[in-house]
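Q: model_18.cif is reproduced in full below (mmCIF, C-alpha atoms).
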data_work
loop_
_atom_site.label_atom_id
_atom_site.label_comp_id
_atom_site.auth_asym_id
_atom_site.auth_seq_id
_atom_site.Cartn_x
_atom_site.Cartn_y
_atom_site.Cartn_z
CA MET Z 115 91.88 131.96 100.97
CA ARG Z 116 90.78 128.41 100.12
CA ASN Z 117 91.46 125.00 101.66
CA ILE Z 118 92.10 122.23 99.14
CA LYS Z 119 91.94 118.49 99.80
CA LEU Z 120 94.41 116.78 97.46
CA THR Z 121 94.74 113.05 96.76
CA LEU Z 122 98.09 111.66 95.60
CA MET Z 123 99.49 108.38 94.34
CA TYR Z 124 103.22 107.78 94.66
CA ASP Z 125 105.97 105.22 94.47
CA GLY Z 126 108.11 105.89 97.54
CA THR Z 127 111.25 104.12 96.29
CA ASN Z 128 113.19 107.30 95.51
CA TYR Z 129 112.04 109.30 98.53
CA HIS Z 130 112.90 109.52 102.21
CA GLY Z 131 109.26 109.28 103.20
CA TRP Z 132 106.53 111.89 103.14
CA GLN Z 133 107.71 114.50 105.64
CA ARG Z 134 110.04 117.29 104.53
CA GLN Z 135 113.58 116.92 105.87
CA GLN Z 136 116.91 118.65 105.35
CA ASN Z 137 119.39 117.30 102.79
CA VAL Z 138 117.10 114.53 101.45
CA ILE Z 139 114.25 114.44 98.95
CA THR Z 140 110.77 113.74 100.29
CA VAL Z 141 107.29 113.56 98.77
CA GLN Z 142 106.06 116.57 100.75
CA GLN Z 143 108.93 118.69 99.45
CA CYS Z 144 108.20 117.75 95.83
CA VAL Z 145 104.49 118.51 96.18
CA GLU Z 146 105.04 121.84 97.94
CA GLU Z 147 107.59 123.01 95.38
CA ALA Z 148 105.27 122.05 92.52
CA LEU Z 149 102.34 123.92 94.08
CA GLU Z 150 104.48 127.01 94.65
CA ARG Z 151 105.45 126.90 90.98
CA ILE Z 152 101.95 126.57 89.53
CA PHE Z 153 100.34 129.07 91.94
CA GLN Z 154 103.31 131.48 92.04
CA GLU Z 155 103.00 131.63 95.81
CA PRO Z 156 106.14 131.94 97.99
CA ARG Z 157 105.46 129.14 100.50
CA VAL Z 158 102.75 126.50 100.32
CA ILE Z 159 102.59 124.16 103.30
CA VAL Z 160 100.97 120.79 102.63
CA TYR Z 161 99.50 118.90 105.60
CA GLY Z 162 99.65 115.12 105.14
CA CYS Z 163 97.30 112.47 106.50
CA SER Z 164 100.21 110.44 107.88
CA ARG Z 165 103.97 110.17 107.88
CA THR Z 166 105.04 107.37 105.55
CA ASP Z 167 108.61 106.09 105.91
CA ALA Z 168 111.33 105.95 103.27
CA GLY Z 169 110.47 103.42 100.59
CA VAL Z 170 106.76 103.20 101.51
CA HIS Z 171 104.18 103.78 98.77
CA ALA Z 172 100.67 105.26 98.61
CA ARG Z 173 97.76 104.57 96.30
CA ALA Z 174 95.49 107.28 97.72
CA TYR Z 175 97.41 109.59 100.05
CA VAL Z 176 95.34 112.55 101.27
CA CYS Z 177 96.81 115.95 102.07
CA SER Z 178 95.52 119.50 102.31
CA PHE Z 179 96.81 123.02 101.80
CA PHE Z 180 95.68 126.66 101.78
CA THR Z 181 95.95 128.85 98.71
CA ASN Z 182 94.77 132.17 97.31
CA SER Z 183 94.65 130.77 93.79
CA LYS Z 184 91.35 130.87 91.91
CA MET Z 185 92.21 127.80 89.82
CA PRO Z 186 89.21 125.40 89.82
CA ALA Z 187 89.90 122.37 92.02
CA LYS Z 188 89.32 119.89 89.20
CA LYS Z 189 92.15 121.52 87.20
CA ILE Z 190 94.71 121.43 90.02
CA PRO Z 191 95.80 117.79 89.47
CA PHE Z 192 96.39 118.41 85.76
CA ALA Z 193 98.51 121.49 86.47
CA LEU Z 194 100.33 119.85 89.35
CA ASN Z 195 101.28 116.76 87.36
CA THR Z 196 103.14 118.91 84.82
CA CYS Z 197 105.57 119.87 87.62
CA LEU Z 198 105.75 116.67 89.66
CA PRO Z 199 108.15 113.74 89.12
CA ARG Z 200 106.56 110.87 87.23
CA ASP Z 201 106.50 108.65 90.34
CA ILE Z 202 104.22 111.15 92.13
CA ARG Z 203 100.79 111.81 90.64
CA ALA Z 204 97.95 114.04 91.79
CA VAL Z 205 94.74 112.11 91.16
CA GLY Z 206 92.04 114.31 92.69
CA ALA Z 207 91.31 117.63 94.39
CA CYS Z 208 88.33 119.39 95.90
CA ASP Z 209 87.51 122.48 97.98
CA VAL Z 210 86.82 121.78 101.66
CA ASP Z 211 85.95 123.83 104.74
CA MET Z 212 88.71 125.94 106.23
CA ASP Z 213 88.87 123.75 109.35
CA PHE Z 214 89.57 120.54 107.43
CA HIS Z 215 92.94 118.91 108.18
CA ALA Z 216 94.03 115.78 106.32
CA GLN Z 217 95.47 114.12 109.43
CA TYR Z 218 93.15 115.18 112.23
CA ARG Z 219 89.92 114.63 110.28
CA ALA Z 220 90.86 111.09 109.17
CA LYS Z 221 88.62 108.39 110.67
CA SER Z 222 90.54 105.29 109.59
CA LYS Z 223 93.09 104.01 107.08
CA ILE Z 224 93.65 100.87 105.04
CA TYR Z 225 97.18 99.60 104.45
CA SER Z 226 98.30 96.62 102.42
CA TYR Z 227 101.55 94.71 102.69
CA THR Z 228 102.89 92.32 100.03
CA VAL Z 229 105.20 89.36 100.50
CA ILE Z 230 106.73 87.29 97.70
CA ASN Z 231 106.96 83.76 99.10
CA ALA Z 232 109.11 82.07 96.47
CA PRO Z 233 112.70 80.84 96.20
CA HIS Z 234 113.92 83.46 93.73
CA GLY Z 235 111.76 86.54 94.27
CA ASN Z 236 110.04 88.60 91.59
CA ALA Z 237 112.00 90.99 89.36
CA PHE Z 238 108.93 93.15 88.73
CA LEU Z 239 107.98 93.57 92.40
CA TYR Z 240 111.31 93.98 94.17
CA ASN Z 241 110.46 97.60 95.04
CA ARG Z 242 106.92 96.71 96.13
CA ALA Z 243 107.24 93.51 98.11
CA TRP Z 244 109.27 91.67 100.73
CA HIS Z 245 110.96 88.59 99.31
CA TYR Z 246 110.70 85.86 101.95
CA PRO Z 247 111.87 82.48 100.56
CA GLN Z 248 111.06 80.19 103.53
CA LYS Z 249 107.78 78.29 103.28
CA ILE Z 250 104.86 80.03 105.00
CA ASP Z 251 101.90 78.09 106.41
CA MET Z 252 98.90 80.26 105.61
CA GLU Z 253 96.61 78.56 108.11
CA LYS Z 254 98.98 79.48 110.94
CA VAL Z 255 99.18 83.07 109.68
CA LYS Z 256 95.39 83.45 109.48
CA TYR Z 257 94.87 81.93 112.91
CA ALA Z 258 97.41 84.25 114.52
CA ALA Z 259 96.05 87.29 112.66
CA SER Z 260 92.55 86.69 114.04
CA PHE Z 261 93.69 87.66 117.55
CA LEU Z 262 94.64 91.15 116.38
CA VAL Z 263 91.16 92.13 115.21
CA GLY Z 264 89.29 94.29 117.71
CA ARG Z 265 90.24 96.96 120.23
CA HIS Z 266 93.69 96.37 121.70
CA ASP Z 267 96.73 98.02 123.20
CA PHE Z 268 99.21 97.51 120.34
CA ARG Z 269 102.42 98.51 122.12
CA THR Z 270 103.91 95.11 121.32
CA PHE Z 271 103.92 96.18 117.67
CA MET Z 272 105.32 99.69 118.06
CA ALA Z 273 108.93 100.55 117.23
CA VAL Z 274 111.02 101.30 120.31
CA ASP Z 275 111.51 104.92 119.18
CA GLY Z 276 107.78 105.50 118.70
CA CYS Z 277 106.49 108.59 120.50
CA GLN Z 278 102.72 108.08 120.49
CA LYS Z 279 100.95 108.33 123.83
CA ILE Z 280 97.67 106.60 122.89
CA TYR Z 281 98.36 102.91 122.36
CA VAL Z 282 94.85 101.51 122.07
CA LYS Z 283 93.60 101.19 118.50
CA ASN Z 284 90.60 99.57 116.82
CA MET Z 285 91.63 96.99 114.21
CA TYR Z 286 88.46 96.63 112.14
CA SER Z 287 89.85 93.90 109.91
CA LEU Z 288 93.07 92.07 109.09
CA ASP Z 289 92.73 89.96 105.96
CA VAL Z 290 95.39 87.63 104.56
CA HIS Z 291 95.22 86.37 100.98
CA LYS Z 292 97.59 84.24 98.90
CA ASP Z 293 97.54 84.14 95.10
CA GLU Z 294 100.15 81.67 93.84
CA ASN Z 295 103.32 82.94 95.58
CA ILE Z 296 102.10 86.45 96.45
CA ILE Z 297 100.78 86.99 99.98
CA THR Z 298 98.84 90.18 100.69
CA PHE Z 299 97.99 91.49 104.14
CA THR Z 300 95.22 94.11 104.26
CA LEU Z 301 94.73 96.02 107.52
CA HIS Z 302 91.97 98.49 108.37
CA ALA Z 303 92.21 100.40 111.66
CA ASP Z 304 91.26 103.75 113.16
CA GLY Z 305 94.92 104.48 113.84
CA TYR Z 306 98.40 102.98 113.86
CA LEU Z 307 101.46 103.19 116.07
CA TYR Z 308 104.90 103.84 114.61
CA ASN Z 309 105.86 100.91 112.33
CA MET Z 310 102.85 98.96 113.59
CA VAL Z 311 101.81 97.50 110.24
CA ARG Z 312 105.32 96.41 109.34
CA ILE Z 313 105.91 94.81 112.75
CA ILE Z 314 102.58 92.98 112.62
CA CYS Z 315 103.36 91.63 109.15
CA GLY Z 316 106.89 90.66 110.17
CA THR Z 317 105.50 88.82 113.19
CA LEU Z 318 102.84 86.98 111.17
CA VAL Z 319 105.38 85.90 108.56
CA PHE Z 320 107.67 84.58 111.31
CA MET Z 321 104.74 82.65 112.77
CA GLY Z 322 103.85 81.20 109.40
CA SER Z 323 107.41 80.03 108.83
CA GLY Z 324 107.84 78.61 112.34
CA THR Z 325 110.36 81.18 113.58
CA LEU Z 326 107.75 82.15 116.19
CA ASN Z 327 105.00 79.93 117.60
CA TYR Z 328 101.70 81.06 116.11
CA LEU Z 329 99.87 79.82 119.23
CA ASP Z 330 101.70 82.47 121.26
CA MET Z 331 100.02 85.43 119.53
CA PRO Z 332 97.53 86.17 122.39
CA ASP Z 333 100.38 86.21 124.93
CA ILE Z 334 102.64 88.27 122.65
CA LEU Z 335 99.89 90.85 122.12
CA ALA Z 336 99.12 91.05 125.85
CA SER Z 337 102.80 91.33 126.82
CA LEU Z 338 103.15 94.91 125.48
CA ASP Z 339 106.79 93.95 124.89
CA ARG Z 340 108.29 94.78 121.48
CA ARG Z 341 110.97 92.12 122.05
CA ARG Z 342 108.35 89.37 121.93
CA ALA Z 343 107.22 90.24 118.39
CA GLY Z 344 108.94 89.50 115.08
CA MET Z 345 111.08 91.70 112.87
CA THR Z 346 109.96 94.95 111.31
CA ALA Z 347 109.13 93.97 107.74
CA PRO Z 348 110.99 95.97 105.04
CA PRO Z 349 109.31 99.21 103.92
CA GLN Z 350 108.94 98.46 100.22
CA GLY Z 351 106.03 96.04 100.73
CA LEU Z 352 103.83 98.66 102.40
CA ILE Z 353 101.17 100.71 100.61
CA LEU Z 354 98.74 103.23 102.09
CA GLU Z 355 95.60 102.21 100.20
CA LYS Z 356 92.83 104.49 101.43
CA VAL Z 357 91.98 107.13 104.02
CA PHE Z 358 88.39 107.44 105.26
CA TYR Z 359 86.66 110.68 106.28
CA ASP Z 360 83.17 111.55 107.41
CA PRO Z 361 80.90 113.36 104.91
CA PRO Z 362 81.28 115.79 103.26
CA TYR Z 363 85.04 115.20 103.27
CA ASP Z 364 84.74 111.64 101.93
CA LYS Z 365 84.57 112.69 98.27
CA PRO Z 366 87.96 112.18 96.53
CA PHE Z 367 87.72 114.99 93.99
CA GLU Z 368 85.52 117.62 92.45
CA THR Z 369 83.21 116.28 89.72
#
Written as structure tokens, how would this file's structure read?
A:
Amino acid sequence: MRNIKLTLMYDGTNYHGWQRQQNVITVQQCVEEALERIFQEPRVIVYGCSRTDAGVHARAYVCSFFTNSKMPAKKIPFALNTCLPRDIRAVGACDVDMDFHAQYRAKSKIYSYTVINAPHGNAFLYNRAWHYPQKIDMEKVKYAASFLVGRHDFRTFMAVDGCQKIYVKNMYSLDVHKDENIITFTLHADGYLYNMVRIICGTLVFMGSGTLNYLDMPDILASLDRRRAGMTAPPQGLILEKVFYDPPYDKPFET
């Protein structure tokens, strides 16, 4: 028996998130069925690093699974990609210790969120960005975002149906960049509450456009009240960019 760490890239537009569910197509289901086909094993369970929602994308999603196959790890992505849909790609694989788990061993994650701030949107990015036509003041956004960096209780930015019990997270950085009419939020934290990134981005956009007062961010954060924050930004702008692990699990694939 071997434990394999697998790195995926996927466009989440056509999927109901990562986690396998009944009567809908998910990324986990597609990956498990492809692995069962190439290994000729009856049931392969893939453990994901996080649960991405419907429409959310990933540039480097990490998962792990056990197998009896003797196929070299570096060949697994090539074999897997012959069975996967074209909007899901395996990009790396390596053997890891039997106690490695993609979710529980993760130390931190980077997410990005993209907003198109233009009157008419962008035909090439409609599945990868939130079109927000109202003018956004970037100085207000950056000022408000600065209060979220550090160790905080982030309950204000958790969806009401979130079930996590640990609300304090370390936000290592929250960068905001604008290139012409494309605004990119990049967040790096040791953990996230349910819909936390999307609610933070929705709140910052509302503050930049004047729907919320950007000077109220410290009070909104301290309130622990979801009703004080802005809307949950649409899922299509969100990308899981990178998952960090301690050595030796930090290598993305077998060389």
Q: Given the file above and the PyMOL selection byres ((chain Z and resi 302) around 8), which residues are selected, and can you give them as an MDAnalysis selection string?
A: chainID Z and resid 222:225 285:288 300:301 303:304
Q: I'd like the contact shell of Gly324 of chain Z - 10 Å cut-off, all atoms listed in the file, skipping same-chain residues fewer than 3 positions apart - returned as a ChimeraX atom specification.
A: /Z:248-251,254,318-321,327-328
Q: Since I can't run it myself right now, could you work out what the PyMOL selection byres ((chain Z and resi 213) around 12) selects here and report it as a list in words?
A: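 With the PyMOL selection byres ((chain Z and resi 213) around 12) on this model, the match is Arg116, Asn117, Ile118, Lys119, Ser178, Phe179, Phe180, Asp209, Val210, Asp211, Met212, Phe214, His215, Ala216, Gln217, Tyr218, Arg219 and Tyr363 of chain Z.
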Q: Could you expand the PyMOL selection byres ((chain Z and resi 165) around 10) into the explicit residues it covers here, written as a VMD selection string?
A: chain Z and resid 131 to 134 142 162 to 164 166 to 168 170 217 308
Q: Expressed in Å to a single decimal, how great is the separation between atom CA of Gly169 of chain Z and atom CA of Gln350 of chain Z?
A: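 So the two atoms, atom CA of Gly169 of chain Z and atom CA of Gln350 of chain Z, lie 5.2 Å apart.
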Q: I'd like to know which of Z:Cys144, Z:Ala259, Z:Ile152, Z:Leu326 is closest to Ala343 of chain Z, using only C-alpha atoms.
A: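 Comparing Z:Cys144, Z:Ala259, Z:Ile152, Z:Leu326 against Ala343 of chain Z, the winner is Z:Leu326.
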Q: Which of these residues is nearest to Phe271 of chain Z, using only C-alpha atoms: Z:Pro332, Z:Gly206, Z:Gly344, Z:Gly235?
A: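 Among the listed residues, Z:Gly344 lies closest to Phe271 of chain Z.
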